[in-house]
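Q: After the structure tokens below, expect a handful of questions from me.
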Amino acid sequence: LTAHDLAEVPIKQAAIAAARRTIAVCDSSKFARTGLGHVCPISDLDAVVTDPDAPSDELDNIRAAGVEVVTV
């Protein structure tokens, strides 16, 4: 996971560290973007919730990392 606003990176990292479960919610357009700030590797997530238009190859990679994928 990345962030475009570098000031948000430590806040997001602290939230992940304090959470019992970490879920990223992102629409399909986010899969084509990369921000400058590294928040965490995908394997740090418990689940990703996205829409059905998300690229299937990316979702397969996320599943292969042991992360649950939910499309709504």
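Each chain of the structure tokens is named A, B, ... in the order shown, its residues numbered from 1; ligands are numbered from 1 in display order.
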Residues of chain A classed as strand (DSSP E or B) by DSSP on the backbone are to be reported as a ChimeraX atom specification.

A: /A:2-3,23-25,37-38,47-50,68-71

Q: Residues as selected, N, CA and C atoms, written as a tab-separated table (two decimals), in the first residue's frame, can you do that?

A:
```tsv
chain	number	residue	atom	x	y	z
A	2	THR	N	0.44	2.22	-0.73
A	2	THR	CA	1.16	3.48	-0.80
A	2	THR	C	0.19	4.62	-0.53
A	3	ALA	N	0.78	5.79	-0.31
A	3	ALA	CA	-0.03	7.00	-0.09
A	3	ALA	C	0.58	8.14	-0.89
A	23	ILE	N	-8.10	-3.74	7.09
A	23	ILE	CA	-8.86	-3.91	5.86
A	23	ILE	C	-8.68	-2.67	5.00
A	24	ALA	N	-8.24	-2.86	3.77
A	24	ALA	CA	-8.12	-1.76	2.82
A	24	ALA	C	-9.37	-1.75	1.95
A	25	VAL	N	-9.97	-0.59	1.80
A	25	VAL	CA	-11.14	-0.42	0.94
A	25	VAL	C	-10.72	0.51	-0.19
A	37	GLY	N	4.73	7.40	-0.93
A	37	GLY	CA	4.93	6.94	0.44
A	37	GLY	C	4.54	5.49	0.63
A	38	HIS	N	5.47	4.67	1.10
A	38	HIS	CA	5.19	3.25	1.35
A	38	HIS	C	4.54	3.10	2.72
A	47	ALA	N	-7.62	-8.07	4.76
A	47	ALA	CA	-8.60	-8.12	3.67
A	47	ALA	C	-8.52	-6.87	2.81
A	48	VAL	N	-8.96	-7.02	1.57
A	48	VAL	CA	-9.13	-5.90	0.65
A	48	VAL	C	-10.56	-5.97	0.14
A	49	VAL	N	-11.25	-4.85	0.21
A	49	VAL	CA	-12.61	-4.74	-0.31
A	49	VAL	C	-12.56	-3.81	-1.51
A	50	THR	N	-13.09	-4.28	-2.64
A	50	THR	CA	-13.05	-3.49	-3.86
A	50	THR	C	-14.27	-3.79	-4.72
A	68	GLU	N	-7.52	-11.88	2.20
A	68	GLU	CA	-8.89	-12.10	1.73
A	68	GLU	C	-9.29	-10.96	0.80
A	69	VAL	N	-9.95	-11.30	-0.30
A	69	VAL	CA	-10.45	-10.29	-1.24
A	69	VAL	C	-11.96	-10.38	-1.29
A	70	VAL	N	-12.62	-9.23	-1.10
A	70	VAL	CA	-14.07	-9.15	-1.14
A	70	VAL	C	-14.44	-8.14	-2.20
A	71	THR	N	-15.26	-8.55	-3.17
A	71	THR	CA	-15.74	-7.60	-4.18
A	71	THR	C	-17.22	-7.34	-3.91
```

Q: Find the residue from A:Ala7, A:Ala19, A:Val72, A:Cys26 that sits nearest to Pro52 in chain A; use only C-alpha atoms when measuring.

A: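 When distances to Pro52 in chain A are compared using only C-alpha atoms, the smallest one comes from A:Val72.
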
Q: Looking only at the backbone, which of the residues in chain A does DSSP tag as helix (DSSP H, G or I), as a VMD selection string?

A: chain A and resid 6 to 18 28 to 32 42 to 44 56 to 64

Q: Neighbours of range 55-57 of chain A within 10 Å (only C-alpha atoms; same-chain residues fewer than 2 positions away dropped), as a list in words?

A: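 Within the cut-off, the hits are Ser28, Ser29, Phe31, Ala32, Asp51, Pro52, Asp53, Leu59, Asp60, Asn61, Ile62 and Arg63 of chain A.
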
Q: From the set A:Glu58, A:Lys30, A:Gln13, A:Val67, which residue has the shortest atom-to-atom contact distance to Ile42 in chain A, counting only C-alpha atoms?

A: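 Using only C-alpha atoms, Ile42 in chain A sits closest to A:Val67.
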